[in-house]
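The file structure-v8.pdb contains PDB, C-alpha atoms and all ligand atoms:
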```pdb
MODEL        1
ATOM      1  CA  MET D   1      11.148 116.369  94.935
ATOM      2  CA  SER D   2      10.731 118.242  91.720
ATOM      3  CA  ASN D   3      12.834 116.137  89.359
ATOM      4  CA  SER D   4      13.050 112.476  90.320
ATOM      5  CA  ASP D   5      15.950 111.867  87.860
ATOM      6  CA  THR D   6      18.305 114.071  89.823
ATOM      7  CA  ALA D   7      16.647 113.959  93.252
ATOM      8  CA  SER D   8      17.416 111.325  95.861
ATOM      9  CA  ILE D   9      17.411 110.632  99.567
ATOM     10  CA  ARG D  10      20.459 109.089 101.236
ATOM     11  CA  PRO D  11      21.909 108.703 104.754
ATOM     12  CA  ALA D  12      23.645 111.829 106.085
ATOM     13  CA  LEU D  13      27.440 111.688 106.157
ATOM     14  CA  PRO D  14      29.884 113.499 108.447
ATOM     15  CA  ASP D  15      31.016 115.593 105.452
ATOM     16  CA  ASP D  16      27.470 116.982 105.081
ATOM     17  CA  ALA D  17      27.831 118.847 108.396
ATOM     18  CA  PRO D  18      28.823 122.305 107.009
ATOM     19  CA  ARG D  19      25.918 122.271 104.549
ATOM     20  CA  LEU D  20      23.443 121.234 107.267
ATOM     21  CA  VAL D  21      24.584 124.099 109.490
ATOM     22  CA  ALA D  22      23.997 126.482 106.567
ATOM     23  CA  LEU D  23      20.554 125.012 105.852
ATOM     24  CA  GLN D  24      19.324 125.371 109.424
ATOM     25  CA  ALA D  25      20.757 128.914 109.657
ATOM     26  CA  ALA D  26      18.088 130.110 107.239
ATOM     27  CA  TYR D  27      15.419 129.237 109.816
ATOM     28  CA  LEU D  28      17.001 129.806 113.236
ATOM     29  CA  LEU D  29      14.989 132.212 115.332
ATOM     30  CA  GLY D  30      16.918 135.116 116.919
ATOM     31  CA  GLU D  31      20.580 135.279 117.986
ATOM     32  CA  GLY D  32      21.947 135.913 114.526
ATOM     33  CA  GLY D  33      19.685 133.459 112.723
ATOM     34  CA  GLN D  34      17.637 134.651 109.790
ATOM     35  CA  GLY D  35      14.440 132.896 110.822
ATOM     36  CA  GLN D  36      11.271 134.791 111.619
ATOM     37  CA  ALA D  37       8.314 133.681 113.673
ATOM     38  CA  ASP D  38       5.963 135.004 111.001
ATOM     39  CA  SER D  39       7.759 133.279 108.110
ATOM     40  CA  ALA D  40       5.501 131.253 105.814
ATOM     41  CA  SER D  41       7.896 128.296 106.116
ATOM     42  CA  GLY D  42       8.240 127.974 109.889
ATOM     43  CA  PHE D  43      11.326 128.309 112.081
ATOM     44  CA  LEU D  44      13.786 126.415 114.280
ATOM     45  CA  VAL D  45      14.630 127.534 117.837
ATOM     46  CA  SER D  46      17.777 125.523 118.350
ATOM     47  CA  GLY D  47      20.529 124.560 116.007
ATOM     48  CA  TYR D  48      23.531 122.299 116.096
ATOM     49  CA  ASP D  49      27.121 123.001 115.144
ATOM     50  CA  GLU D  50      29.168 120.986 112.659
ATOM     51  CA  ASP D  51      30.665 118.707 115.313
ATOM     52  CA  ARG D  52      27.207 117.837 116.587
ATOM     53  CA  TYR D  53      25.982 116.957 113.093
ATOM     54  CA  ARG D  54      29.086 114.822 112.543
ATOM     55  CA  HIS D  55      28.319 113.060 115.804
ATOM     56  CA  PHE D  56      24.681 112.522 114.798
ATOM     57  CA  ALA D  57      25.816 111.136 111.429
ATOM     58  CA  ALA D  58      27.611 108.454 113.406
ATOM     59  CA  VAL D  59      24.996 107.680 116.063
ATOM     60  CA  ALA D  60      21.508 108.839 114.996
ATOM     61  CA  ASP D  61      19.182 106.047 113.943
ATOM     62  CA  HIS D  62      17.538 107.940 111.098
ATOM     63  CA  PHE D  63      19.518 110.856 109.697
ATOM     64  CA  TYR D  64      18.763 111.411 106.004
ATOM     65  CA  VAL D  65      19.414 114.150 103.466
ATOM     66  CA  GLY D  66      17.617 115.048 100.275
ATOM     67  CA  GLU D  67      19.871 115.835  97.336
ATOM     68  CA  GLU D  68      19.109 117.424  93.997
ATOM     69  CA  ASP D  69      21.734 117.816  91.263
ATOM     70  CA  GLY D  70      24.358 116.789  93.816
ATOM     71  CA  ARG D  71      23.387 119.524  96.284
ATOM     72  CA  VAL D  72      21.915 118.772  99.721
ATOM     73  CA  ILE D  73      18.657 120.720 100.030
ATOM     74  CA  ALA D  74      16.816 119.028 102.877
ATOM     75  CA  PHE D  75      17.370 116.797 105.879
ATOM     76  CA  VAL D  76      15.628 115.000 108.693
ATOM     77  CA  LEU D  77      17.275 113.962 111.949
ATOM     78  CA  ALA D  78      15.461 111.362 114.023
ATOM     79  CA  MET D  79      16.369 108.856 116.689
ATOM     80  CA  ASN D  80      14.819 105.981 118.522
ATOM     81  CA  SER D  81      13.812 106.440 122.144
ATOM     82  CA  GLU D  82      16.592 104.086 123.317
ATOM     83  CA  ARG D  83      19.149 106.535 121.866
ATOM     84  CA  ILE D  84      17.789 109.799 123.259
ATOM     85  CA  ALA D  85      19.413 109.860 126.707
ATOM     86  CA  GLU D  86      22.903 109.317 125.292
ATOM     87  CA  ALA D  87      22.499 111.428 122.123
ATOM     88  CA  THR D  88      20.766 114.462 123.662
ATOM     89  CA  PRO D  89      21.915 114.663 127.299
ATOM     90  CA  GLY D  90      20.197 117.424 129.264
ATOM     91  CA  HIS D  91      17.574 118.060 126.575
ATOM     92  CA  GLN D  92      14.572 118.809 128.783
ATOM     93  CA  VAL D  93      11.779 118.169 126.263
ATOM     94  CA  ASN D  94      13.283 114.885 125.054
ATOM     95  CA  HIS D  95      13.756 113.606 128.595
ATOM     96  CA  TRP D  96      10.253 114.678 129.589
ATOM     97  CA  LEU D  97       8.930 112.696 126.624
ATOM     98  CA  LEU D  98      10.906 109.600 127.668
ATOM     99  CA  GLU D  99       9.167 109.732 131.063
ATOM    100  CA  GLN D 100       5.779 110.544 129.603
ATOM    101  CA  TYR D 101       5.848 107.771 127.006
ATOM    102  CA  PRO D 102       8.008 104.923 128.337
ATOM    103  CA  ARG D 103       7.498 102.681 125.309
ATOM    104  CA  PRO D 104       9.568 102.484 122.103
ATOM    105  CA  PHE D 105       9.114 105.493 119.844
ATOM    106  CA  THR D 106      10.996 107.510 117.248
ATOM    107  CA  LEU D 107      11.667 111.191 117.843
ATOM    108  CA  ILE D 108      12.059 113.569 114.936
ATOM    109  CA  SER D 109      14.588 116.011 116.243
ATOM    110  CA  GLN D 110      14.949 118.317 113.222
ATOM    111  CA  VAL D 111      13.509 118.715 109.758
ATOM    112  CA  CYS D 112      14.634 121.381 107.362
ATOM    113  CA  VAL D 113      14.033 122.049 103.677
ATOM    114  CA  ALA D 114      15.943 124.807 101.850
ATOM    115  CA  PRO D 115      13.709 127.830 101.168
ATOM    116  CA  GLU D 116      14.138 127.396  97.406
ATOM    117  CA  ALA D 117      12.925 123.783  97.644
ATOM    118  CA  ALA D 118       9.961 124.393  99.999
ATOM    119  CA  SER D 119       6.565 122.894  99.121
ATOM    120  CA  GLY D 120       8.218 120.429  96.748
ATOM    121  CA  GLY D 121       7.392 117.326  98.767
ATOM    122  CA  TRP D 122      10.804 116.882 100.414
ATOM    123  CA  GLY D 123       9.438 117.130 103.940
ATOM    124  CA  ARG D 124       6.779 114.504 103.265
ATOM    125  CA  GLU D 125       9.282 112.148 101.562
ATOM    126  CA  LEU D 126      11.820 112.436 104.364
ATOM    127  CA  TYR D 127       9.068 111.741 106.914
ATOM    128  CA  ASN D 128       8.012 108.704 104.841
ATOM    129  CA  VAL D 129      11.547 107.347 105.164
ATOM    130  CA  VAL D 130      11.464 107.835 108.937
ATOM    131  CA  ARG D 131       8.050 106.181 109.165
ATOM    132  CA  GLN D 132       9.267 103.135 107.250
ATOM    133  CA  LEU D 133      12.329 102.793 109.445
ATOM    134  CA  ALA D 134      10.309 103.385 112.618
ATOM    135  CA  ALA D 135       8.620 100.072 111.731
ATOM    136  CA  GLY D 136       5.358 100.648 113.567
ATOM    137  CA  ARG D 137       6.679 102.802 116.387
ATOM    138  CA  PRO D 138       4.928 106.104 117.027
ATOM    139  CA  GLN D 139       6.834 109.125 115.733
ATOM    140  CA  PHE D 140       6.944 112.331 117.811
ATOM    141  CA  ALA D 141       7.937 115.875 116.869
ATOM    142  CA  ALA D 142       8.093 118.868 119.242
ATOM    143  CA  ILE D 143       6.822 122.195 117.921
ATOM    144  CA  VAL D 144       7.255 125.549 119.676
ATOM    145  CA  LEU D 145       3.905 127.066 120.655
ATOM    146  CA  ASP D 146       5.117 130.568 121.577
ATOM    147  CA  PRO D 147       5.727 132.175 119.213
ATOM    148  CA  PRO D 148       3.467 129.842 117.281
ATOM    149  CA  ASN D 149       5.046 127.846 114.460
ATOM    150  CA  GLU D 150       1.878 127.535 112.403
ATOM    151  CA  PRO D 151       3.617 126.432 109.166
ATOM    152  CA  SER D 152       5.215 123.539 111.037
ATOM    153  CA  VAL D 153       1.887 122.594 112.642
ATOM    154  CA  ARG D 154       0.172 122.622 109.251
ATOM    155  CA  PHE D 155       2.938 120.568 107.658
ATOM    156  CA  HIS D 156       2.829 117.977 110.452
ATOM    157  CA  GLU D 157      -0.946 117.713 110.363
ATOM    158  CA  ARG D 158      -0.924 117.312 106.557
ATOM    159  CA  VAL D 159       1.460 114.366 106.912
ATOM    160  CA  GLY D 160      -0.669 112.670 109.540
ATOM    161  CA  PHE D 161       0.437 114.001 112.942
ATOM    162  CA  HIS D 162      -1.913 115.020 115.765
ATOM    163  CA  LYS D 163      -1.164 117.014 118.903
ATOM    164  CA  ALA D 164      -0.616 114.575 121.778
ATOM    165  CA  PHE D 165       1.112 116.421 124.662
ATOM    166  CA  GLU D 166       2.250 119.803 125.870
ATOM    167  CA  THR D 167       5.339 120.668 127.917
ATOM    168  CA  VAL D 168       7.887 123.462 128.444
ATOM    169  CA  GLY D 169      11.461 123.551 127.135
ATOM    170  CA  HIS D 170      14.652 124.570 128.960
ATOM    171  CA  ASP D 171      14.251 127.976 127.279
ATOM    172  CA  GLY D 172      10.848 128.493 128.926
ATOM    173  CA  ARG D 173       9.034 128.207 125.602
ATOM    174  CA  PRO D 174       6.014 125.883 125.587
ATOM    175  CA  ARG D 175       6.196 122.947 123.185
ATOM    176  CA  GLY D 176       3.419 120.878 121.694
ATOM    177  CA  ILE D 177       4.314 117.272 120.973
ATOM    178  CA  TRP D 178       2.729 116.057 117.752
ATOM    179  CA  ALA D 179       2.480 112.317 117.104
ATOM    180  CA  ARG D 180       1.810 109.914 114.268
ATOM    181  CA  ASP D 181       1.047 106.176 114.512
ATOM    182  CA  LEU D 182       0.276 106.557 118.222
ATOM    183  CA  PRO D 183      -1.920 103.674 119.431
ATOM    184  CA  GLY D 184      -5.444 104.931 120.021
ATOM    185  CA  CYS D 185      -5.072 108.011 117.808
ATOM    186  CA  PRO D 186      -6.612 108.452 114.365
ATOM    187  CA  GLN D 187      -4.398 107.004 111.598
ATOM    188  CA  SER D 188      -3.631 108.543 108.248
TER     189      SER D 188
HETATM  190  C1  LIG D 201       8.015 122.693 107.487
HETATM  191  C2  LIG D 201       8.882 122.126 106.344
HETATM  192  C3  LIG D 201       9.743 120.982 106.881
HETATM  193  C4  LIG D 201       7.935 121.593 105.240
HETATM  194  O1  LIG D 201       8.692 120.933 104.229
HETATM  195  P1  LIG D 201       8.196 120.943 102.681
HETATM  196  O2  LIG D 201       9.111 120.086 101.924
HETATM  197  O3  LIG D 201       8.033 122.348 102.251
HETATM  198  O4  LIG D 201       6.765 120.254 102.833
HETATM  199  P2  LIG D 201       6.042 119.328 101.722
HETATM  200  O5  LIG D 201       6.178 120.011 100.391
HETATM  201  O6  LIG D 201       6.523 117.935 101.839
HETATM  202  O7  LIG D 201       4.521 119.446 102.185
HETATM  203  C5  LIG D 201       3.794 118.368 102.760
HETATM  204  C6  LIG D 201       2.410 118.866 103.109
HETATM  205  O8  LIG D 201       2.499 119.882 104.120
HETATM  206  C7  LIG D 201       1.920 121.088 103.645
HETATM  207  N1  LIG D 201       2.796 122.209 104.041
HETATM  208  C8  LIG D 201       4.150 122.251 103.952
HETATM  209  N2  LIG D 201       4.603 123.452 104.356
HETATM  210  C9  LIG D 201       3.495 124.170 104.690
HETATM  211  C10 LIG D 201       3.310 125.492 105.149
HETATM  212  N3  LIG D 201       4.345 126.301 105.351
HETATM  213  N4  LIG D 201       2.062 125.924 105.386
HETATM  214  C11 LIG D 201       1.000 125.106 105.184
HETATM  215  N5  LIG D 201       1.091 123.823 104.727
HETATM  216  C12 LIG D 201       2.344 123.372 104.487
HETATM  217  C13 LIG D 201       1.927 120.993 102.140
HETATM  218  O9  LIG D 201       0.886 121.780 101.583
HETATM  219  C14 LIG D 201       1.739 119.517 101.911
HETATM  220  O10 LIG D 201       0.372 119.165 101.998
HETATM  221  P3  LIG D 201      -0.352 118.419 100.745
HETATM  222  O11 LIG D 201       0.633 117.392 100.232
HETATM  223  O12 LIG D 201      -1.543 117.820 101.360
HETATM  224  O13 LIG D 201      -0.598 119.495  99.763
HETATM  225  C15 LIG D 201       9.793 123.221 105.703
HETATM  226  O14 LIG D 201       9.008 124.305 105.277
HETATM  227  C16 LIG D 201      10.867 123.757 106.621
HETATM  228  O15 LIG D 201      11.990 123.282 106.600
HETATM  229  N6  LIG D 201      10.525 124.787 107.474
HETATM  230  C17 LIG D 201      11.503 125.441 108.326
HETATM  231  C18 LIG D 201      11.951 124.571 109.456
HETATM  232  C19 LIG D 201      10.793 124.122 110.317
HETATM  233  O16 LIG D 201       9.837 124.828 110.605
HETATM  234  N7  LIG D 201      10.916 122.853 110.791
HETATM  235  C20 LIG D 201       9.961 122.266 111.706
HETATM  236  C21 LIG D 201      10.272 122.714 113.088
HETATM  237  S1  LIG D 201       9.223 121.928 114.291
ENDMDL
END
```

Render the structure in this file as structure tokens.
Ligand SMILES: CC(C)(COP(=O)(O)OP(=O)(O)OC[C@H]1O[C@@H](n2cnc3c(N)ncnc32)[C@H](O)[C@@H]1OP(=O)(O)O)[C@@H](O)C(=O)NCCC(=O)NCCS
Amino acid sequence: MSNSDTASIRPALPDDAPRLVALQAAYLLGEGGQGQADSASGFLVSGYDEDRYRHFAAVADHFYVGEEDGRVIAFVLAMNSERIAEATPGHQVNHWLLEQYPRPFTLISQVCVAPEAASGGWGRELYNVVRQLAAGRPQFAAIVLDPPNEPSVRFHERVGFHKAFETVGHDGRPRGIWARDLPGCPQS
């Protein structure tokens, strides 16, 4: 968040949807996306369309954007465990996690910072917002292990996450589940 006078974090609105689609497009791996597994900033394997983001703006528990000079340059999409079944039907990793950890938690579904704003603290600030709203619940984030998303792993570990589980997604790609504020795990 380079300039705190013009930078702010606010809830995502349905009208943000086109901009969020454009932001994620910079990082989507394969199938027309510009993302690369060897990028220094990490990548996303699945994206949402505008209708889906509009829907999330209405139902997601924690859906926030970072804005600078009136332009959205980052976002985080997260939801509480009670919301997952209805908000992400058929999402194999999310449903596996619900079975694996049948206590209240918050799942970070997507985080994305515009390439021009990377390493400016937006990711950490957005995760701070989610942590505050999670109010003591553990927070989980799934990271693709093959191809490895090392930048994402490093980011998550710098902001206090540790690898907790491993599973496989509907696409056959293995996922590591990183966690923060998990009872019994080191805190930071
Ligand atoms: C990963 C991502 C969210 C990081 O956001 P960011 O705003 O650049 O991160 P921050 O500036 O808040 O950095 C927070 C910490 O993580 C570290 N970090 C961030 N990106 C890193 C990277 N690519 N490599 C190594 N460390 C990184 C920073 O050094 C910082 O640590 P420090 O404060 O101790 O110095 C962003 O690069 C991104 O959107 N990547 C593409 C999408 C993606 O991979 N999402 C995650 C999918 S699971």

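Within the file as shown, the PyMOL selection byres (((chain D and resi 46) around 12) and not hetatm) identifies Val21, Gln24, Ala25, Tyr27, Leu28, Leu29, Gly30, Glu31, Gly32, Gly33, Gly35, Phe43, Leu44, Val45, Gly47, Tyr48, Asp49, His91, Ser109, Gln110, Val111, Ala142, Ile143, Val144, Gly169, His170, Asp171 and Arg173 of chain D.
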
What are the nearest atom pairs, with distances in Å to one decimal, for all residues of chain D that come at most 7 Å from ligand LIG 201 (chain D), using all atoms listed in the file, set out by chain and rising residue number as CSV?
```
residue,atom,partner,partner_atom,distance
D:Tyr27,CA,D:LIG201,C17,5.7
D:Ala40,CA,D:LIG201,N3,5.1
D:Ser41,CA,D:LIG201,N3,4.1
D:Gly42,CA,D:LIG201,O16,3.6
D:Phe43,CA,D:LIG201,O16,4.1
D:Leu44,CA,D:LIG201,C21,5.2
D:Gln110,CA,D:LIG201,C21,6.4
D:Val111,CA,D:LIG201,N7,5.0
D:Cys112,CA,D:LIG201,O15,3.3
D:Val113,CA,D:LIG201,O15,3.8
D:Ala114,CA,D:LIG201,O15,6.4
D:Ala117,CA,D:LIG201,O2,6.8
D:Ala118,CA,D:LIG201,O3,3.6
D:Ser119,CA,D:LIG201,O5,3.2
D:Gly120,CA,D:LIG201,O5,4.2
D:Gly121,CA,D:LIG201,O6,3.3
D:Trp122,CA,D:LIG201,O2,3.9
D:Gly123,CA,D:LIG201,O2,3.6
D:Arg124,CA,D:LIG201,O6,3.7
D:Glu125,CA,D:LIG201,O6,6.4
D:Ala141,CA,D:LIG201,S1,6.7
D:Ala142,CA,D:LIG201,S1,5.9
D:Ile143,CA,D:LIG201,S1,4.4
D:Val144,CA,D:LIG201,S1,6.8
D:Asn149,CA,D:LIG201,O16,6.9
D:Pro151,CA,D:LIG201,N3,3.9
D:Ser152,CA,D:LIG201,C1,4.6
D:Arg154,CA,D:LIG201,N5,4.8
D:Phe155,CA,D:LIG201,O8,3.6
D:His156,CA,D:LIG201,O8,6.6
D:Arg158,CA,D:LIG201,O8,4.9
D:Val159,CA,D:LIG201,C6,6.0
```

Could you please take those selected residues and save C-alpha atoms as a PDB file, keeping the file's coordinate frame?
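Generated file (selection37.pdb):
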```pdb
ATOM      1  CA  TYR D  27      15.419 129.237 109.816  1.00  0.00           C
ATOM      2  CA  ALA D  40       5.501 131.253 105.814  1.00  0.00           C
ATOM      3  CA  SER D  41       7.896 128.296 106.116  1.00  0.00           C
ATOM      4  CA  GLY D  42       8.240 127.974 109.889  1.00  0.00           C
ATOM      5  CA  PHE D  43      11.326 128.309 112.081  1.00  0.00           C
ATOM      6  CA  LEU D  44      13.786 126.415 114.280  1.00  0.00           C
ATOM      7  CA  GLN D 110      14.949 118.317 113.222  1.00  0.00           C
ATOM      8  CA  VAL D 111      13.509 118.715 109.758  1.00  0.00           C
ATOM      9  CA  CYS D 112      14.634 121.381 107.362  1.00  0.00           C
ATOM     10  CA  VAL D 113      14.033 122.049 103.677  1.00  0.00           C
ATOM     11  CA  ALA D 114      15.943 124.807 101.850  1.00  0.00           C
ATOM     12  CA  ALA D 117      12.925 123.783  97.644  1.00  0.00           C
ATOM     13  CA  ALA D 118       9.961 124.393  99.999  1.00  0.00           C
ATOM     14  CA  SER D 119       6.565 122.894  99.121  1.00  0.00           C
ATOM     15  CA  GLY D 120       8.218 120.429  96.748  1.00  0.00           C
ATOM     16  CA  GLY D 121       7.392 117.326  98.767  1.00  0.00           C
ATOM     17  CA  TRP D 122      10.804 116.882 100.414  1.00  0.00           C
ATOM     18  CA  GLY D 123       9.438 117.130 103.940  1.00  0.00           C
ATOM     19  CA  ARG D 124       6.779 114.504 103.265  1.00  0.00           C
ATOM     20  CA  GLU D 125       9.282 112.148 101.562  1.00  0.00           C
ATOM     21  CA  ALA D 141       7.937 115.875 116.869  1.00  0.00           C
ATOM     22  CA  ALA D 142       8.093 118.868 119.242  1.00  0.00           C
ATOM     23  CA  ILE D 143       6.822 122.195 117.921  1.00  0.00           C
ATOM     24  CA  VAL D 144       7.255 125.549 119.676  1.00  0.00           C
ATOM     25  CA  ASN D 149       5.046 127.846 114.460  1.00  0.00           C
ATOM     26  CA  PRO D 151       3.617 126.432 109.166  1.00  0.00           C
ATOM     27  CA  SER D 152       5.215 123.539 111.037  1.00  0.00           C
ATOM     28  CA  ARG D 154       0.172 122.622 109.251  1.00  0.00           C
ATOM     29  CA  PHE D 155       2.938 120.568 107.658  1.00  0.00           C
ATOM     30  CA  HIS D 156       2.829 117.977 110.452  1.00  0.00           C
ATOM     31  CA  ARG D 158      -0.924 117.312 106.557  1.00  0.00           C
ATOM     32  CA  VAL D 159       1.460 114.366 106.912  1.00  0.00           C
TER      33      VAL D 159
END
```

Inset, instruction - List every protein, DNA or RNA residue with an atom no more than 12 Å from (-4.8, 108.1, 118.7) in the file's coordinates, counting only C-alpha atoms, and format the result as a PyMOL selection string. - result: chain D and resi 138+160-165+178-188

Could you write out that same residue set with C-alpha atoms as an mmCIF file, in the coordinates of the input?
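For reference, again20.cif as written:
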```cif
data_model
loop_
_atom_site.group_PDB
_atom_site.id
_atom_site.type_symbol
_atom_site.label_atom_id
_atom_site.label_comp_id
_atom_site.auth_asym_id
_atom_site.auth_seq_id
_atom_site.Cartn_x
_atom_site.Cartn_y
_atom_site.Cartn_z
ATOM 1 C CA PRO D 138 4.928 106.104 117.027
ATOM 2 C CA GLY D 160 -0.669 112.670 109.540
ATOM 3 C CA PHE D 161 0.437 114.001 112.942
ATOM 4 C CA HIS D 162 -1.913 115.020 115.765
ATOM 5 C CA LYS D 163 -1.164 117.014 118.903
ATOM 6 C CA ALA D 164 -0.616 114.575 121.778
ATOM 7 C CA PHE D 165 1.112 116.421 124.662
ATOM 8 C CA TRP D 178 2.729 116.057 117.752
ATOM 9 C CA ALA D 179 2.480 112.317 117.104
ATOM 10 C CA ARG D 180 1.810 109.914 114.268
ATOM 11 C CA ASP D 181 1.047 106.176 114.512
ATOM 12 C CA LEU D 182 0.276 106.557 118.222
ATOM 13 C CA PRO D 183 -1.920 103.674 119.431
ATOM 14 C CA GLY D 184 -5.444 104.931 120.021
ATOM 15 C CA CYS D 185 -5.072 108.011 117.808
ATOM 16 C CA PRO D 186 -6.612 108.452 114.365
ATOM 17 C CA GLN D 187 -4.398 107.004 111.598
ATOM 18 C CA SER D 188 -3.631 108.543 108.248
#
```

Set up a box along x, y and z of the file covering all listed atoms of region 36-48 of chain D, add 5 Å on every one of the six sides, and write the centre and edge lengths in Å to one decimal, as AutoDock Vina command-line options.
```
--center_x 14.5 --center_y 128.7 --center_z 112.1 --size_x 28.0 --size_y 22.7 --size_z 22.5
```

Inset, instruction - Go through the shown structure with the PyMOL selection byres (((chain D and resi 55-59) around 6) and not hetatm) and write out the matching residues as a ChimeraX atom specification. - result: /D:12-14,52-54,60

Legend entry - Best match for closeness to Ser8 (chain D) among D:Ile108, D:Ala22, D:Ala78, D:Leu126, counting all atoms listed in the file: D:Leu126

Legend entry - Nearest to Leu20 (chain D) by atom-to-atom distance, counting all atoms listed in the file, from D:Gly90, D:Pro102, D:Gly66, D:Gly136: D:Gly66

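The gap separating CA of Glu82 (chain D) from CA of Arg10 (chain D) is 23.0 Å, in Å to one decimal.
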
Inset, instruction - Between CA of Arg137 (chain D) and CA of Tyr101 (chain D), measure the distance and give it in Å to one decimal. - result: 11.8 Å

Legend entry - Atomic distance CA of Gly172 (chain D) - CA of Glu86 (chain D), expressed in Å with one decimal: 22.9 Å

Inset, instruction - Tell me, as an MDAnalysis selection string, which residues lie within 8 Å of Glu166 (chain D), counting only C-alpha atoms; anything in the same chain fewer than 3 positions away does not count. - result: chainID D and resid 174:177

Legend entry - Distance query Leu133 (chain D) at most 12 Å, only C-alpha atoms, self and fewer than 4 positions along chain excluded, as a PyMOL selection string: chain D and resi 61-64+78-80+105-107+126-129+137-139

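The set of protein, DNA and RNA residues with any counted atom at most 8 Å from (16.7, 112.4, 93.7) (all atoms listed in the file) reads Met1, Asn3, Ser4, Asp5, Thr6, Ala7, Ser8, Ile9, Gly66, Glu67, Glu68 and Asp69 of chain D.
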
Inset, instruction - Go through D:Leu97, D:Ala87, D:Ser81, D:Asp38 and flag the residue nearest Ala134 (chain D), using only C-alpha atoms for the distances. - result: D:Ser81
